[in-house]
Structures are given as structure tokens and as C-alpha cells.
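Colleague: Structure supplied as coords_24.json; contents: JSON, C-alpha atoms and all ligand atoms.
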```json
[["chain", "number", "residue", "atom", "x", "y", "z"],
["A", 1, "MET", "CA", -13.12, 9.01, 11.93],
["A", 2, "ASP", "CA", -16.12, 10.28, 13.92],
["A", 3, "LYS", "CA", -15.02, 13.86, 13.26],
["A", 4, "ILE", "CA", -15.11, 13.11, 9.52],
["A", 5, "ASP", "CA", -18.60, 11.62, 9.80],
["A", 6, "THR", "CA", -19.77, 14.78, 11.57],
["A", 7, "ILE", "CA", -18.33, 17.00, 8.81],
["A", 8, "ILE", "CA", -20.03, 14.87, 6.16],
["A", 9, "THR", "CA", -23.39, 14.91, 7.97],
["A", 10, "ASN", "CA", -23.18, 18.69, 8.26],
["A", 11, "MET", "CA", -22.35, 19.06, 4.56],
["A", 12, "ILE", "CA", -25.49, 17.08, 3.72],
["A", 13, "LYS", "CA", -27.56, 19.15, 6.17],
["A", 14, "GLU", "CA", -26.34, 22.33, 4.45],
["A", 15, "LEU", "CA", -28.21, 21.22, 1.34],
["A", 16, "ASP", "CA", -31.35, 21.71, 3.39],
["A", 17, "TYR", "CA", -33.58, 18.98, 1.98],
["A", 18, "GLU", "CA", -34.88, 16.69, 4.70],
["A", 19, "PRO", "CA", -35.32, 13.48, 2.61],
["A", 20, "LEU", "CA", -31.60, 13.65, 1.83],
["A", 21, "ASN", "CA", -30.65, 13.30, 5.49],
["A", 22, "GLU", "CA", -32.80, 10.21, 5.78],
["A", 23, "MET", "CA", -31.43, 8.63, 2.61],
["A", 24, "PHE", "CA", -27.89, 9.44, 3.63],
["A", 25, "ALA", "CA", -28.44, 7.88, 7.07],
["A", 26, "ASN", "CA", -29.04, 4.58, 5.29],
["A", 27, "ILE", "CA", -25.50, 4.50, 3.91],
["A", 28, "ASN", "CA", -23.31, 2.43, 6.23],
["A", 29, "SER", "CA", -20.03, 4.21, 6.82],
["A", 30, "GLY", "CA", -17.16, 2.15, 5.44],
["A", 31, "LYS", "CA", -13.56, 1.46, 6.42],
["A", 32, "LYS", "CA", -12.43, 4.98, 5.46],
["A", 33, "LEU", "CA", -9.13, 3.70, 4.11],
["A", 34, "ARG", "CA", -8.60, 6.92, 2.13],
["A", 35, "SER", "CA", -9.12, 9.14, 5.18],
["A", 36, "LYS", "CA", -6.84, 7.04, 7.37],
["A", 37, "LEU", "CA", -4.21, 7.27, 4.67],
["A", 38, "LEU", "CA", -4.52, 11.04, 4.27],
["A", 39, "LEU", "CA", -4.29, 11.63, 8.02],
["A", 40, "LYS", "CA", -1.19, 9.43, 8.33],
["A", 41, "ILE", "CA", 0.58, 11.50, 5.68],
["A", 42, "ALA", "CA", -0.70, 15.00, 6.44],
["A", 43, "THR", "CA", -1.25, 16.32, 9.95],
["A", 44, "GLU", "CA", -4.78, 16.30, 11.31],
["A", 45, "ASN", "CA", -6.34, 19.74, 11.21],
["A", 46, "GLU", "CA", -9.54, 21.36, 10.02],
["A", 47, "ASN", "CA", -8.32, 21.45, 6.45],
["A", 48, "SER", "CA", -7.16, 17.84, 6.20],
["A", 49, "LEU", "CA", -10.30, 16.56, 7.96],
["A", 50, "LYS", "CA", -12.45, 18.47, 5.48],
["A", 51, "LEU", "CA", -10.54, 16.97, 2.59],
["A", 52, "CYS", "CA", -11.10, 13.51, 4.10],
["A", 53, "ALA", "CA", -14.85, 14.22, 4.24],
["A", 54, "ILE", "CA", -14.84, 15.29, 0.58],
["A", 55, "ILE", "CA", -12.96, 12.19, -0.55],
["A", 56, "GLU", "CA", -15.32, 9.94, 1.44],
["A", 57, "LEU", "CA", -18.33, 11.72, -0.13],
["A", 58, "ILE", "CA", -16.95, 11.11, -3.61],
["A", 59, "HIS", "CA", -16.11, 7.50, -2.78],
["A", 60, "ALA", "CA", -19.63, 6.96, -1.37],
["A", 61, "ALA", "CA", -21.11, 8.51, -4.54],
["A", 62, "SER", "CA", -19.10, 6.14, -6.71],
["A", 63, "LEU", "CA", -20.36, 3.14, -4.71],
["A", 64, "LEU", "CA", -23.98, 4.32, -5.01],
["A", 65, "HIS", "CA", -23.59, 4.40, -8.77],
["A", 66, "ASP", "CA", -21.61, 1.17, -8.78],
["A", 67, "ASP", "CA", -24.39, -0.69, -6.96],
["A", 68, "VAL", "CA", -26.88, 0.51, -9.57],
["A", 69, "ILE", "CA", -24.55, -0.54, -12.40],
["A", 70, "ASP", "CA", -23.82, -3.92, -10.80],
["A", 71, "GLU", "CA", -27.44, -4.34, -9.68],
["A", 72, "SER", "CA", -26.13, -5.08, -6.18],
["A", 73, "TYR", "CA", -28.65, -5.05, -3.38],
["A", 74, "THR", "CA", -26.35, -5.31, -0.38],
["A", 75, "ARG", "CA", -23.47, -3.08, 0.64],
["A", 76, "ARG", "CA", -21.47, -3.24, 3.86],
["A", 77, "GLY", "CA", -23.90, -5.75, 5.36],
["A", 78, "LYS", "CA", -26.99, -3.64, 4.76],
["A", 79, "ALA", "CA", -29.48, -3.11, 1.97],
["A", 80, "SER", "CA", -27.93, -0.87, -0.68],
["A", 81, "ILE", "CA", -29.53, 2.51, -1.42],
["A", 82, "ASN", "CA", -30.83, 1.24, -4.76],
["A", 83, "ALA", "CA", -32.44, -1.67, -2.89],
["A", 84, "ILE", "CA", -34.19, 0.69, -0.46],
["A", 85, "TYR", "CA", -35.04, 3.71, -2.64],
["A", 86, "GLY", "CA", -34.68, 2.36, -6.19],
["A", 87, "ALA", "CA", -32.03, 2.98, -8.83],
["A", 88, "LYS", "CA", -33.25, 6.47, -9.79],
["A", 89, "ASN", "CA", -32.88, 7.82, -6.26],
["A", 90, "ALA", "CA", -29.54, 6.08, -5.78],
["A", 91, "ILE", "CA", -28.20, 7.74, -8.93],
["A", 92, "MET", "CA", -29.42, 11.17, -7.87],
["A", 93, "LEU", "CA", -28.14, 10.80, -4.32],
["A", 94, "GLY", "CA", -24.78, 9.89, -5.86],
["A", 95, "ASP", "CA", -24.94, 13.01, -8.03],
["A", 96, "ILE", "CA", -25.67, 15.15, -4.98],
["A", 97, "LEU", "CA", -22.84, 13.68, -2.91],
["A", 98, "TYR", "CA", -20.41, 14.03, -5.78],
["A", 99, "SER", "CA", -21.35, 17.61, -6.64],
["A", 100, "LYS", "CA", -21.41, 18.71, -2.98],
["A", 101, "GLY", "CA", -17.97, 17.14, -2.61],
["A", 102, "TYR", "CA", -16.78, 18.97, -5.69],
["A", 103, "PHE", "CA", -18.25, 22.28, -4.45],
["A", 104, "GLU", "CA", -16.28, 21.94, -1.20],
["A", 105, "LEU", "CA", -13.21, 20.78, -3.14],
["A", 106, "SER", "CA", -13.23, 23.99, -5.20],
["A", 107, "LYS", "CA", -12.28, 25.88, -2.03],
["A", 108, "PHE", "CA", -8.94, 24.02, -1.89],
["A", 109, "ASP", "CA", -5.70, 24.82, -3.77],
["A", 110, "ASN", "CA", -5.65, 23.98, -7.47],
["A", 111, "PHE", "CA", -3.23, 21.11, -6.86],
["A", 112, "ILE", "CA", -5.73, 19.38, -4.61],
["A", 113, "SER", "CA", -8.93, 20.14, -6.50],
["A", 114, "GLN", "CA", -7.40, 19.19, -9.85],
["A", 115, "ASN", "CA", -5.84, 15.95, -8.61],
["A", 116, "ILE", "CA", -9.01, 14.74, -6.93],
["A", 117, "SER", "CA", -11.37, 15.78, -9.73],
["A", 118, "ASN", "CA", -9.11, 14.24, -12.37],
["A", 119, "ALA", "CA", -9.06, 11.03, -10.33],
["A", 120, "VAL", "CA", -12.88, 10.98, -10.48],
["A", 121, "SER", "CA", -12.77, 11.17, -14.30],
["A", 122, "LEU", "CA", -10.31, 8.28, -14.35],
["A", 123, "LEU", "CA", -12.23, 6.16, -11.88],
["A", 124, "SER", "CA", -15.33, 6.62, -14.00],
["A", 125, "ILE", "CA", -13.32, 5.50, -17.04],
["A", 126, "GLY", "CA", -12.21, 2.52, -14.92],
["A", 127, "GLU", "CA", -15.83, 1.65, -14.25],
["A", 128, "ILE", "CA", -16.55, 1.77, -17.99],
["A", 129, "MET", "CA", -13.58, -0.56, -18.58],
["A", 130, "ASP", "CA", -14.95, -2.89, -15.89],
["A", 131, "VAL", "CA", -18.40, -2.95, -17.48],
["A", 132, "SER", "CA", -17.09, -3.47, -21.02],
["A", 133, "MET", "CA", -14.73, -6.21, -19.85],
["A", 134, "GLY", "CA", -17.86, -7.92, -18.50],
["A", 135, "GLU", "CA", -18.98, -8.71, -22.02],
["A", 136, "GLU", "CA", -16.71, -11.72, -22.26],
["A", 137, "PHE", "CA", -14.25, -13.74, -20.20],
["A", 138, "ASN", "CA", -11.01, -11.76, -19.93],
["A", 139, "GLN", "CA", -7.74, -13.72, -20.08],
["A", 140, "SER", "CA", -5.45, -10.71, -19.91],
["A", 141, "LYS", "CA", -3.78, -9.88, -16.58],
["A", 142, "GLN", "CA", -2.52, -6.64, -18.15],
["A", 143, "LYS", "CA", -6.07, -5.50, -18.96],
["A", 144, "TYR", "CA", -7.24, -6.45, -15.46],
["A", 145, "LEU", "CA", -4.41, -4.51, -13.78],
["A", 146, "LYS", "CA", -5.05, -1.42, -15.88],
["A", 147, "MET", "CA", -8.78, -1.53, -15.07],
["A", 148, "ILE", "CA", -8.26, -1.88, -11.30],
["A", 149, "TYR", "CA", -5.66, 0.90, -11.37],
["A", 150, "TYR", "CA", -8.31, 3.22, -12.84],
["A", 151, "LYS", "CA", -11.35, 1.94, -10.96],
["A", 152, "THR", "CA", -9.80, 1.79, -7.50],
["A", 153, "ALA", "CA", -6.18, 2.92, -7.26],
["A", 154, "VAL", "CA", -6.35, 6.37, -8.90],
["A", 155, "LEU", "CA", -8.43, 7.86, -6.07],
["A", 156, "ILE", "CA", -6.12, 6.31, -3.46],
["A", 157, "GLU", "CA", -3.11, 7.60, -5.43],
["A", 158, "ALA", "CA", -4.66, 11.09, -5.61],
["A", 159, "THR", "CA", -5.39, 10.96, -1.86],
["A", 160, "ALA", "CA", -1.77, 10.07, -1.11],
["A", 161, "LYS", "CA", -0.55, 12.85, -3.42],
["A", 162, "CYS", "CA", -2.77, 15.40, -1.66],
["A", 163, "GLY", "CA", -1.50, 14.14, 1.70],
["A", 164, "ALA", "CA", 2.07, 14.66, 0.50],
["A", 165, "TYR", "CA", 1.17, 18.11, -0.77],
["A", 166, "LEU", "CA", -0.35, 19.12, 2.58],
["A", 167, "GLY", "CA", 2.47, 17.48, 4.54],
["A", 168, "LYS", "CA", 5.13, 18.94, 2.22],
["A", 169, "PHE", "CA", 6.61, 15.58, 1.21],
["A", 170, "ASP", "CA", 7.79, 14.42, -2.19],
["A", 171, "ILE", "CA", 4.65, 13.99, -4.33],
["A", 172, "ASP", "CA", 6.07, 11.22, -6.58],
["A", 173, "ASP", "CA", 7.09, 8.97, -3.68],
["A", 174, "PHE", "CA", 3.60, 9.16, -2.24],
["A", 175, "ALA", "CA", 1.95, 8.78, -5.65],
["A", 176, "LYS", "CA", 3.78, 5.44, -6.00],
["A", 177, "TYR", "CA", 2.75, 4.48, -2.48],
["A", 178, "GLY", "CA", -0.93, 5.25, -3.16],
["A", 179, "LYS", "CA", -1.00, 3.60, -6.59],
["A", 180, "ASN", "CA", 0.57, 0.34, -5.36],
["A", 181, "LEU", "CA", -1.53, 0.32, -2.20],
["A", 182, "GLY", "CA", -4.66, 0.83, -4.30],
["A", 183, "ILE", "CA", -3.84, -1.98, -6.73],
["A", 184, "ALA", "CA", -3.06, -4.32, -3.81],
["A", 185, "PHE", "CA", -6.33, -3.26, -2.16],
["A", 186, "GLN", "CA", -8.44, -4.25, -5.18],
["A", 187, "ILE", "CA", -6.59, -7.57, -5.65],
["A", 188, "ILE", "CA", -7.34, -8.40, -2.00],
["A", 189, "ASP", "CA", -10.98, -7.40, -2.57],
["A", 190, "ASP", "CA", -11.12, -9.78, -5.52],
["A", 191, "ILE", "CA", -9.51, -12.58, -3.49],
["A", 192, "LEU", "CA", -11.97, -12.09, -0.61],
["A", 193, "ASP", "CA", -14.88, -12.47, -3.04],
["A", 194, "VAL", "CA", -13.84, -16.10, -3.62],
["A", 195, "THR", "CA", -12.57, -16.97, -0.12],
["A", 196, "GLN", "CA", -15.03, -15.36, 2.31],
["A", 197, "ASP", "CA", -18.69, -15.97, 3.06],
["A", 198, "SER", "CA", -21.35, -13.34, 2.45],
["A", 199, "LYS", "CA", -21.84, -12.65, 6.16],
["A", 200, "THR", "CA", -18.19, -11.65, 6.56],
["A", 201, "LEU", "CA", -18.18, -9.64, 3.33],
["A", 202, "GLY", "CA", -21.44, -7.78, 3.91],
["A", 203, "LYS", "CA", -22.33, -8.56, 0.28],
["A", 204, "PRO", "CA", -22.92, -11.82, -1.63],
["A", 205, "ALA", "CA", -19.86, -14.08, -1.86],
["A", 206, "LEU", "CA", -18.50, -15.55, -5.11],
["A", 207, "ASN", "CA", -20.41, -12.81, -6.85],
["A", 208, "ASP", "CA", -17.77, -11.17, -9.05],
["A", 209, "TYR", "CA", -17.80, -13.91, -11.69],
["A", 210, "LYS", "CA", -21.58, -13.80, -11.83],
["A", 211, "GLU", "CA", -21.35, -10.02, -12.33],
["A", 212, "GLY", "CA", -19.05, -10.60, -15.31],
["A", 213, "LYS", "CA", -15.83, -9.72, -13.52],
["A", 214, "THR", "CA", -12.93, -11.96, -14.51],
["A", 215, "THR", "CA", -10.80, -11.11, -11.49],
["A", 216, "LEU", "CA", -7.21, -12.24, -10.94],
["A", 217, "PRO", "CA", -8.13, -15.61, -9.32],
["A", 218, "TYR", "CA", -10.12, -16.53, -12.45],
["A", 219, "ILE", "CA", -7.40, -15.32, -14.84],
["A", 220, "TYR", "CA", -4.78, -17.46, -13.05],
["A", 221, "LEU", "CA", -7.14, -20.42, -12.74],
["A", 222, "TYR", "CA", -7.87, -20.34, -16.47],
["A", 223, "GLU", "CA", -4.13, -20.47, -17.25],
["A", 224, "LYS", "CA", -3.78, -23.70, -15.24],
["A", 225, "LEU", "CA", -6.82, -25.61, -16.51],
["A", 226, "ASN", "CA", -6.82, -28.16, -19.35],
["A", 227, "ASP", "CA", -8.82, -27.34, -22.48],
["A", 228, "LYS", "CA", -11.96, -29.13, -21.33],
["A", 229, "ASP", "CA", -11.96, -27.39, -17.93],
["A", 230, "LYS", "CA", -11.15, -24.04, -19.56],
["A", 231, "LYS", "CA", -14.36, -24.41, -21.58],
["A", 232, "TYR", "CA", -16.28, -25.38, -18.44],
["A", 233, "LEU", "CA", -14.99, -22.35, -16.51],
["A", 234, "ILE", "CA", -16.01, -20.06, -19.37],
["A", 235, "SER", "CA", -19.45, -21.70, -19.48],
["A", 236, "LEU", "CA", -20.02, -20.56, -15.87],
["A", 237, "PHE", "CA", -19.18, -16.92, -16.66],
["A", 238, "LYS", "CA", -22.02, -14.55, -15.66],
["A", 239, "LYS", "CA", -24.18, -17.42, -14.48],
["A", 240, "ASP", "CA", -26.07, -17.83, -11.22],
["A", 241, "LEU", "CA", -23.78, -20.51, -9.81],
["A", 242, "LYS", "CA", -25.28, -23.70, -8.39],
["A", 243, "ASP", "CA", -23.71, -25.19, -5.26],
["A", 244, "GLU", "CA", -21.77, -27.82, -7.22],
["A", 245, "GLU", "CA", -20.49, -25.19, -9.67],
["A", 246, "GLN", "CA", -19.30, -23.05, -6.77],
["A", 247, "SER", "CA", -17.58, -26.08, -5.25],
["A", 248, "TRP", "CA", -15.89, -26.88, -8.57],
["A", 249, "ILE", "CA", -14.44, -23.36, -8.72],
["A", 250, "LYS", "CA", -13.27, -23.48, -5.10],
["A", 251, "GLU", "CA", -11.73, -26.96, -5.47],
["A", 252, "ASN", "CA", -9.79, -25.93, -8.55],
["A", 253, "LEU", "CA", -8.62, -22.68, -6.98],
["A", 254, "ALA", "CA", -7.27, -24.81, -4.11],
["A", 255, "LYS", "CA", -5.81, -27.51, -6.38],
["A", 256, "PHE", "CA", -3.64, -24.99, -8.26],
["A", 257, "ASN", "CA", -2.79, -22.78, -5.25],
["A", 258, "ILE", "CA", -4.39, -19.83, -6.99],
["A", 259, "ILE", "CA", -5.21, -17.85, -3.84],
["A", 260, "GLU", "CA", -1.58, -17.99, -2.63],
["A", 261, "LYS", "CA", -0.46, -16.85, -6.07],
["A", 262, "CYS", "CA", -2.85, -13.89, -6.07],
["A", 263, "LEU", "CA", -1.93, -13.05, -2.48],
["A", 264, "ASN", "CA", 1.72, -12.91, -3.50],
["A", 265, "VAL", "CA", 0.91, -10.49, -6.30],
["A", 266, "ALA", "CA", -0.94, -8.25, -3.81],
["A", 267, "LYS", "CA", 1.96, -8.53, -1.34],
["A", 268, "ASN", "CA", 4.43, -7.50, -4.03],
["A", 269, "TYR", "CA", 2.40, -4.38, -4.78],
["A", 270, "GLY", "CA", 2.19, -3.79, -1.02],
["A", 271, "ASN", "CA", 5.95, -4.08, -0.66],
["A", 272, "ASP", "CA", 6.51, -1.69, -3.57],
["A", 273, "ALA", "CA", 4.21, 0.75, -1.76],
["A", 274, "ILE", "CA", 6.17, 0.41, 1.50],
["A", 275, "ASN", "CA", 9.55, 0.75, -0.23],
["A", 276, "SER", "CA", 8.63, 3.99, -2.00],
["A", 277, "VAL", "CA", 8.10, 5.79, 1.35],
["A", 278, "LYS", "CA", 10.52, 3.86, 3.61],
["A", 279, "LYS", "CA", 12.91, 6.79, 3.90],
["A", 280, "TYR", "CA", 10.26, 8.85, 5.72],
["A", 281, "ASN", "CA", 10.14, 6.34, 8.60],
["A", 282, "ILE", "CA", 6.39, 6.72, 9.05],
["A", 283, "GLU", "CA", 5.65, 3.37, 10.67],
["A", 284, "ASP", "CA", 1.89, 3.66, 10.18],
["A", 285, "LEU", "CA", 2.28, 3.72, 6.39],
["A", 286, "GLU", "CA", 3.66, 0.20, 6.60],
["A", 287, "ASN", "CA", 0.86, -0.82, 8.99],
["A", 288, "ILE", "CA", -1.81, 0.49, 6.59],
["A", 289, "VAL", "CA", -0.44, -1.81, 3.87],
["A", 290, "LYS", "CA", -0.11, -4.81, 6.19],
["A", 291, "SER", "CA", -3.57, -4.54, 7.73],
["A", 292, "MET", "CA", -5.07, -3.98, 4.27],
["A", 293, "ILE", "CA", -3.42, -7.23, 3.04],
["A", 294, "ASP", "CA", -4.44, -9.19, 6.18],
["A", 295, "ARG", "CA", -8.06, -7.99, 6.22],
["A", 296, "THR", "CA", -10.97, -10.42, 5.94],
["A", 297, "PHE", "CA", -13.60, -8.08, 4.47],
["B", 301, "LIG", "C1", -16.44, -0.74, -6.93],
["B", 301, "LIG", "O1", -15.98, -1.82, -7.66],
["B", 301, "LIG", "C2", -16.47, 0.50, -7.79],
["B", 301, "LIG", "C3", -15.56, 1.49, -7.83],
["B", 301, "LIG", "C4", -14.38, 1.45, -6.95],
["B", 301, "LIG", "C5", -15.68, 2.70, -8.73],
["B", 301, "LIG", "C6", -17.07, 3.05, -9.20],
["B", 301, "LIG", "C7", -17.08, 4.33, -10.02],
["B", 301, "LIG", "C8", -18.16, 4.86, -10.64],
["B", 301, "LIG", "C9", -19.50, 4.20, -10.62],
["B", 301, "LIG", "C10", -18.03, 6.15, -11.39],
["B", 301, "LIG", "C11", -18.97, 7.23, -10.88],
["B", 301, "LIG", "C12", -18.30, 8.15, -9.94],
["B", 301, "LIG", "C13", -18.88, 9.16, -9.19],
["B", 301, "LIG", "C14", -18.05, 9.92, -8.23],
["B", 301, "LIG", "C15", -20.30, 9.54, -9.25],
["B", 301, "LIG", "P1", -16.58, -3.29, -7.52],
["B", 301, "LIG", "O2", -17.93, -3.35, -8.14],
["B", 301, "LIG", "O3", -15.55, -4.22, -8.06],
["B", 301, "LIG", "O4", -16.64, -3.50, -5.94],
["B", 301, "LIG", "P2", -17.85, -3.93, -5.01],
["B", 301, "LIG", "O5", -17.78, -5.41, -4.95],
["B", 301, "LIG", "O6", -17.51, -3.30, -3.67],
["B", 301, "LIG", "O7", -19.11, -3.42, -5.59],
["B", 302, "MG", "MG", -19.87, -3.42, -7.45]]
```
Would you mind giving the structure from this file in C-alpha cells?

Modeller:
Amino acid sequence: MDKIDTIITNMIKELDYEPLNEMFANINSGKKLRSKLLLKIATENENSLKLCAIIELIHAASLLHDDVIDESYTRRGKASINAIYGAKNAIMLGDILYSKGYFELSKFDNFISQNISNAVSLLSIGEIMDVSMGEEFNQSKQKYLKMIYYKTAVLIEATAKCGAYLGKFDIDDFAKYGKNLGIAFQIIDDILDVTQDSKTLGKPALNDYKEGKTTLPYIYLYEKLNDKDKKYLISLFKKDLKDEEQSWIKENLAKFNIIEKCLNVAKNYGNDAINSVKKYNIEDLENIVKSMIDRTF
């Protein structure tokens, strides 16, 4: 992963504008799930490492914009770029990372450049879906799953497809692996928001609902509540939650075993991912799914 960080730092340096290096240094490097995935499928070489760097640049750009959109001031345990430099700079830094990534991507085969760039269009559509779904409480699991497929899973799916292309494996098998892994990843993210504390998460806890995100735990909880409690849950939507309101949510999630239910949905997507590539006997592909499900942040 250090090699990828070096490639990224050099790509930024090539743009030859000193303030950029400083701003970029304030982005905490993340888990690099997409890079780990790509390198498990394709062999590690100059080409695959460069593609990892590009995908991480694009992912980082999307998070810069996402933190502006969500008005989030912490990311990965540190102040977000919009918190440090303001929203305008965060947007432009995102534009620079994305366009530099795309410039480097244009040097790759059409299959790769088209799959990754198309994924960026779809993930941006996913972000629009996420924002528009924030207007009111969403009861539809179908709508939620479609949104997280676009917002999160399409880039992971495209990464897996590019890995298969470079490693000369069947593209469809790996597309299924990436899509199901990506959906499971976002469901786990949404579970952690309600189960973990902010220190562990590196961002505020129980924050999704306040941001207008009716994630799977809330959709399942709503289904279980009586009419009076349904109304109460909806009344808390997009509100700064007081301690007792937070406790009410947590108690009811526990009462109806909602977390276990959501975890099972994520595990089913994880198993579908594993099954679609089982025949290749790449043990690490199973480990990626398992450690992603078992993670705590
Ligand atoms: C995080 O979701 C957001 C995403 C995975 C996608 C964001 C995409 C865009 C803003 C489109 C712009 C794209 C580019 C390349 C410039 P979240 O808010 O649920 O997660 P969080 O809790 O980590 O913020
Ligand atoms: Mg966000």
C-alpha cells in the first residue's frame, strides 16, 4: 500500500502547485479496500499499482465532495478538508484529484478507462439518489439497495472487473464478486454508524439519520414498530439527536434484533460474492469479504 501512496504523491507533485501538496497531505489515507482487491485479482506490477493509485485518487475525490455535500467535518479520525480549507477548496481539490486520475486513466486500455469512468458517472448518480432520498424518511429497502449499489458498489465492481481483465479471468464472475462485496461493504458501514462510537469510527456516530440517510437498520426498525413509535421514529429524522433519543433508537434496535438482521443481509451478499469466484480458489478473495464483514470501522 505504501507503493501506491508514493505513486499518488508523485502524481500530485507532477501538477507542480505547492499548496496542493500541503492540502493533499491533510487527507488521511484510508483502508484502500479497492487497491487490495485489485492486487488480489491481478498480479502486482507497475501497471496494476498505477491503476490502484488512480482508483484511490478518484475515491478520495468522491469523499472530498461527499464531505462538502454532507457538511461533515471529520473523516478518518481527522478534520475533513472542508473543515480545514473550506468547502470551495475541498471541491476544487476533488476536481483536481478526479481529473488527474482521469488523465492517467486515459493511458490505459479502453476496457479499463471506460469501466472506471462509467463507474464514476454512476457513483455520482448514486450520490444524487442519496441526497434526494434525504428529503423524507425512506421505507423502501429496494430503493436503499439500488442507491448503495450506485453510490458505493459500482466502483468496487468496476475495480474487480478491471482486475479480472488484467488477470485474464472471467469478467462477469468478478463483476458479481465486486458488486456483492460493495453492497455488503455499505451495509456494514451503515450498521457501524449505529453500533460504534465516534472514536472508533473516526467520524461522528449515529450520524446517518441526522444527515437524512434512512439506512437499512432504520428501514427494518420502522417495519417492526407500532404506529405510535413509527411516528416517533419519523419525528427524529434529520434531527440533532438528544441523548435520550439516541438511547431510544439503540434500545429499539436491540429489542427487535435489527443489527443481527442487517448483518445477515450483509453476510448473504458476502457469501454471494465468495460463491461467484469460488472456482478460482483464490483464498484471499474470501478473506477480503470476511474481514470486511468483521471490521469495526
Ligand atoms: C460516501 O457515502 C460517498 C460515496 C461513496 C460517493 C460520493 C460520490 C460523489 C460525491 C460524486 C462525485 C465524484 C467524484 C469522483 C468527484 P456516505 O456519505 O454514506 O459515507 P460517509 O459516512 O463515509 O461519508
Ligand atoms: Mg458522507

Colleague: Set the cut-off to 8 Å, count all atoms listed in the file, and list whatever residues fall near ligand MG 302 (chain B) as an mmCIF file with C-alpha atoms, in the frame of the given file.

Modeller:
```cif
data_model
loop_
_atom_site.group_PDB
_atom_site.id
_atom_site.type_symbol
_atom_site.label_atom_id
_atom_site.label_comp_id
_atom_site.auth_asym_id
_atom_site.auth_seq_id
_atom_site.Cartn_x
_atom_site.Cartn_y
_atom_site.Cartn_z
ATOM 1 C CA LEU A 63 -20.360 3.140 -4.710
ATOM 2 C CA ASP A 66 -21.610 1.170 -8.780
ATOM 3 C CA ASP A 67 -24.390 -0.690 -6.960
ATOM 4 C CA ILE A 69 -24.550 -0.540 -12.400
ATOM 5 C CA ASP A 70 -23.820 -3.920 -10.800
ATOM 6 C CA GLU A 71 -27.440 -4.340 -9.680
ATOM 7 C CA SER A 72 -26.130 -5.080 -6.180
#
```

Colleague: Take atom CA of A:Ser140 and atom CA of A:Pro204 and report the distance between them in Å, one decimal.

Modeller: 25.3 Å

Colleague: Between atom CA of A:Leu253 and atom CA of A:Leu241, measure the distance and give it in Å to one decimal.

Modeller: 15.6 Å

Colleague: Using only C-alpha atoms and all ligand atoms, which protein or nucleic acid residues are at most 6 Å from ligand LIG 301 (chain B), as a PyMOL selection string?

Modeller: chain A and resi 58+61-63+65-66+94-95+98+120+123-124+127+151-152

Colleague: Atom CA of A:Leu39 to atom CA of A:Ala53: how many Å, to one decimal?

Modeller: 11.5 Å

Colleague: In terms of the shortest atom-to-atom distance over only C-alpha atoms, which of A:Ile54, A:Ile96, A:Leu20, A:Ile274 is closest to A:Ala175?

Modeller: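 Among the listed residues, A:Ile274 lies closest to A:Ala175.
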
Colleague: Applying 9 Å and all atoms listed in the file, which residues near A:Glu211 remain after dropping the ones on its own chain fewer than 2 positions away? List them as a PyMOL selection string.

Modeller: chain A and resi 70-71+134+207-209+213-214+237-239

Colleague: Generate the output file for the selected residues, C-alpha atoms, as a PDB file, in the coordinates of the input.

Modeller:
```pdb
ATOM      1  CA  ASP A  70     -23.820  -3.920 -10.800  1.00  0.00           C
ATOM      2  CA  GLU A  71     -27.440  -4.340  -9.680  1.00  0.00           C
ATOM      3  CA  GLY A 134     -17.860  -7.920 -18.500  1.00  0.00           C
ATOM      4  CA  ASN A 207     -20.410 -12.810  -6.850  1.00  0.00           C
ATOM      5  CA  ASP A 208     -17.770 -11.170  -9.050  1.00  0.00           C
ATOM      6  CA  TYR A 209     -17.800 -13.910 -11.690  1.00  0.00           C
ATOM      7  CA  LYS A 213     -15.830  -9.720 -13.520  1.00  0.00           C
ATOM      8  CA  THR A 214     -12.930 -11.960 -14.510  1.00  0.00           C
ATOM      9  CA  PHE A 237     -19.180 -16.920 -16.660  1.00  0.00           C
ATOM     10  CA  LYS A 238     -22.020 -14.550 -15.660  1.00  0.00           C
ATOM     11  CA  LYS A 239     -24.180 -17.420 -14.480  1.00  0.00           C
TER      12      LYS A 239
END
```

Colleague: Ranking A:Leu233, A:Leu225, A:Ile288, A:Ile84 by minimum distance to A:Phe137 and counting all atoms listed in the file, which one comes first?

Modeller: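 Under the stated criterion, the closest residue is A:Leu233.
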
Colleague: Which is closer to A:Asp5 than all the others in A:Ala273, A:Val194, A:Cys52, A:Leu33, using only C-alpha atoms?

Modeller: A:Cys52

Colleague: From the set A:Ala42, A:Ile234, A:Ile259, A:Ile7, which residue has the shortest atom-to-atom contact distance to A:Glu136, counting only C-alpha atoms?

Modeller: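 Once distances to A:Glu136 are computed over only C-alpha atoms, the minimum belongs to A:Ile234.
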
Colleague: Measuring between all atoms listed in the file, which one of A:Val154, A:Ser106, A:Asn226, A:Asn138 shows the shortest distance to A:Gly126?

Modeller: A:Val154

Colleague: Could you give me, as a ChimeraX atom specification, the residues that sit within 12 Å of (-8.2, -5.7, -3.8) in the file's coordinates, counting all atoms listed in the file?

Modeller: /A:144-145,148-149,151-153,180-194,215-217,262-263,265-267,269-270,289,292-297

Colleague: List as a PyMOL selection string the protein and nucleic acid residues near A:Lys250, meaning an atom at most 9 Å away when all atoms listed in the file are counted, but skip any in the same chain fewer than 5 places from it.

Modeller: chain A and resi 194-195+245+255

Colleague: Need to verify the contact set: A:Ser113, 10 Å, only C-alpha atoms, exclusion of same-chain residues closer than 3 positions in sequence. Can you return it as a list of chain:residue names?

Modeller: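 Counting only C-alpha atoms, the residues come to A:Leu51, A:Tyr102, A:Phe103, A:Glu104, A:Leu105, A:Ser106, A:Lys107, A:Phe108, A:Asp109, A:Asn110, A:Ile116, A:Ser117, A:Asn118, A:Ala119, A:Cys162.
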
Colleague: For A:Asp272, which residue out of A:Asp173, A:Asp243, A:Asp130, A:Glu56 is the nearest one, using only C-alpha atoms?

Modeller: A:Asp173
